[in-house]
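Student: Just passing along the structure, written as structure tokens.
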Amino acid sequence: MRNVLRKEMRLSASVLSYLFILFGLMFFLPGYPILCGAFFVTLGIFQSFQTAREANDIVFSVLLPIAKRDIVKGKYLFVCLIEGCAFLLMALAVILRMTVLSASVVYRSNALMNANFFALGAACVIFGLFNWIFVGGFFKTAYQFARPFVTFIILCFFTIFTAEALHHVPGLEKLNAFGTDDMAMQLYLLIAGILSFLLMTIVSCRRACAQFEKIDL
């Protein structure tokens with residue numbers, strides 16, 4: 001799998017996938033829907049799928065002496081690698097905003113979602129949806145990706161809107177905790193987001209492997 005991942009990173013990937021990792025730093029932006037950063041990261045990954053399709057990367061990969069399942073797993077590993085790097089930048093922004101920058105007026109007066117562990121958990125859900133809907137949808141045909149990406153966009157922004165609106169609901173104000181307030185609840189929400197990501201990704205990968213085996217390229 002190491003060689004398959006190396007092929008994905010060096011041959012199949014678009015440079016935009018790496019550049020768009022930096023959108024994870026959007027978690028530093030006050031007065032902005034910070035979860036859009038997660039969407040832009042997935043947009044960068046989408047560019048790699050588009051580039052690979054135009055270069056007949058799937059056909060090339062099938063001709064290699066590797067199992068078809070390994071091709072799918074290699075794509076998922078690459079996607080998770082990009083998402084993981086972006087998540088680390090988001091986590092760095094959250095930690096700094098919760099500690100060093102906790103007294104900043106510009107963040108204290110922020111009307112939108114604060115950068116906390118709930119926001120990180122929501123970002124994990126968005127990444128999980130991308131893996132489930134787009135990557136899994138791509139391997140139904142190993143060629144068409146417009147419909148699954150449009151579907152993902154709709155669900156992604158519905159998730160962003162919901163996450164941004166929840167803390168305005170009476171009784172759910174703690175979801176927008178600032179700094180180290182309500183730390184226990186925030187950690188539970190982060191863990192829930194990570195588990196959702198893992199579940200959607202693993203189930204999607206297994207299903208994609210089974211579907212790709214049936215495709216006659």
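Labeling convention for the structure tokens: chains A, B, ... as they appear, residues from 1 per chain, ligands from 1 in order of appearance.
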With a distance cut-off of 8 Å and only C-alpha atoms, select the neighbouring residues of Ile126 (chain A), excluding the residue or stretch itself and same-chain residues fewer than 3 positions from it, and output the selection as a list of chain:residue names.
Tutor: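 Listed by chain and then number, they are A:Ala38, A:Phe39, A:Ala122, A:Ala123, A:Leu129, A:Phe130, A:Cys156, A:Thr159.
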Student: Write the residues of the selection above to a file with N, CA and C atoms, as a PDB file, in the first residue's frame.
Tutor:
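The resulting file, out15.pdb, is reproduced below:
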```pdb
ATOM      1  N   ALA A  38     -13.295  23.486   5.672  1.00  0.00           N
ATOM      2  CA  ALA A  38     -13.347  22.047   5.412  1.00  0.00           C
ATOM      3  C   ALA A  38     -13.838  21.771   3.995  1.00  0.00           C
ATOM      4  N   PHE A  39     -14.818  22.554   3.553  1.00  0.00           N
ATOM      5  CA  PHE A  39     -15.311  22.378   2.183  1.00  0.00           C
ATOM      6  C   PHE A  39     -14.221  22.669   1.161  1.00  0.00           C
ATOM      7  N   ALA A 122     -17.477  18.927  13.834  1.00  0.00           N
ATOM      8  CA  ALA A 122     -18.303  19.187  12.661  1.00  0.00           C
ATOM      9  C   ALA A 122     -17.477  19.088  11.381  1.00  0.00           C
ATOM     10  N   ALA A 123     -16.223  19.534  11.431  1.00  0.00           N
ATOM     11  CA  ALA A 123     -15.331  19.414  10.269  1.00  0.00           C
ATOM     12  C   ALA A 123     -15.095  17.940   9.931  1.00  0.00           C
ATOM     13  N   LEU A 129     -18.598  12.907   5.236  1.00  0.00           N
ATOM     14  CA  LEU A 129     -19.602  12.991   4.175  1.00  0.00           C
ATOM     15  C   LEU A 129     -18.949  12.991   2.800  1.00  0.00           C
ATOM     16  N   PHE A 130     -17.832  13.690   2.685  1.00  0.00           N
ATOM     17  CA  PHE A 130     -17.110  13.713   1.407  1.00  0.00           C
ATOM     18  C   PHE A 130     -16.655  12.310   1.019  1.00  0.00           C
ATOM     19  N   CYS A 156     -23.079  19.218   2.460  1.00  0.00           N
ATOM     20  CA  CYS A 156     -22.015  19.914   3.171  1.00  0.00           C
ATOM     21  C   CYS A 156     -22.498  21.258   3.700  1.00  0.00           C
ATOM     22  N   THR A 159     -24.944  20.965   6.427  1.00  0.00           N
ATOM     23  CA  THR A 159     -24.251  20.691   7.692  1.00  0.00           C
ATOM     24  C   THR A 159     -23.659  21.966   8.275  1.00  0.00           C
TER      25      THR A 159
END
```
Student: Write out, as CSV, each residue of region 129-153 of chain A that has an atom at most 10 Å from region 209-212 of chain A, together with the closest pair of atoms and their distance in Å to one decimal, counting only C-alpha atoms, rows going by chain and rising number.
Tutor:
```
residue,atom,partner,partner_atom,distance
A:Gly136,CA,A:Cys209,CA,9.0
A:Gly137,CA,A:Gln211,CA,9.8
A:Phe138,CA,A:Phe212,CA,9.6
A:Phe139,CA,A:Phe212,CA,5.9
A:Lys140,CA,A:Gln211,CA,5.9
A:Thr141,CA,A:Phe212,CA,7.6
A:Ala142,CA,A:Phe212,CA,7.3
```
Student: Using only C-alpha atoms, which residues sit within 9 Å of Ala163 (chain A) once same-chain residues fewer than 6 positions away are excluded, as an MDAnalysis selection string?
Tutor: chainID A and resid 35 113 118:119 122 175
Student: Could you pull the residues within 6 Å of region 43-50 of chain A, counting only C-alpha atoms, minus those fewer than 2 positions along the same chain, as a PDB file with N, CA and C atoms, in the first residue's frame?
Tutor:
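So selection22.pdb came out as:
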```
ATOM      1  N   ALA A  13      -2.080  13.101  -7.935  1.00  0.00           N
ATOM      2  CA  ALA A  13      -2.564  14.267  -7.184  1.00  0.00           C
ATOM      3  C   ALA A  13      -2.367  15.565  -7.954  1.00  0.00           C
ATOM      4  N   SER A  14      -3.332  16.453  -7.801  1.00  0.00           N
ATOM      5  CA  SER A  14      -3.192  17.825  -8.292  1.00  0.00           C
ATOM      6  C   SER A  14      -2.499  18.654  -7.221  1.00  0.00           C
ATOM      7  N   LEU A  16      -3.216  21.465  -6.380  1.00  0.00           N
ATOM      8  CA  LEU A  16      -4.233  22.187  -5.631  1.00  0.00           C
ATOM      9  C   LEU A  16      -4.660  21.434  -4.369  1.00  0.00           C
ATOM     10  N   SER A  17      -4.587  20.113  -4.422  1.00  0.00           N
ATOM     11  CA  SER A  17      -4.942  19.327  -3.235  1.00  0.00           C
ATOM     12  C   SER A  17      -4.036  19.679  -2.067  1.00  0.00           C
ATOM     13  N   PHE A  20      -4.649  23.546  -1.035  1.00  0.00           N
ATOM     14  CA  PHE A  20      -5.922  23.791  -0.360  1.00  0.00           C
ATOM     15  C   PHE A  20      -5.935  23.269   1.076  1.00  0.00           C
ATOM     16  N   PHE A  40     -13.475  23.754   1.353  1.00  0.00           N
ATOM     17  CA  PHE A  40     -12.425  24.098   0.397  1.00  0.00           C
ATOM     18  C   PHE A  40     -11.332  23.024   0.348  1.00  0.00           C
ATOM     19  N   VAL A  41     -11.076  22.375   1.462  1.00  0.00           N
ATOM     20  CA  VAL A  41     -10.114  21.270   1.468  1.00  0.00           C
ATOM     21  C   VAL A  41     -10.611  20.147   0.564  1.00  0.00           C
ATOM     22  N   ALA A  52      -6.894  13.191 -12.349  1.00  0.00           N
ATOM     23  CA  ALA A  52      -6.626  11.767 -12.551  1.00  0.00           C
ATOM     24  C   ALA A  52      -7.539  11.177 -13.620  1.00  0.00           C
ATOM     25  N   ARG A  53      -8.791  11.608 -13.638  1.00  0.00           N
ATOM     26  CA  ARG A  53      -9.711  11.076 -14.646  1.00  0.00           C
ATOM     27  C   ARG A  53      -9.283  11.469 -16.046  1.00  0.00           C
TER      28      ARG A  53
END
```
Student: CA of Val100 (chain A) to CA of Ala115 (chain A): how many Å, to one decimal?
Tutor: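 Distance between the two atoms: 13.0 Å.
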Student: Could you please write out, as number ranges by chain, every residue of region 22-215 of chain A that DSSP assigns to helix (DSSP H, G or I)?
Tutor: A: 22-28, 36-54, 57-63, 68-98, 105-108, 117-138, 146-166, 173-176, 183-214
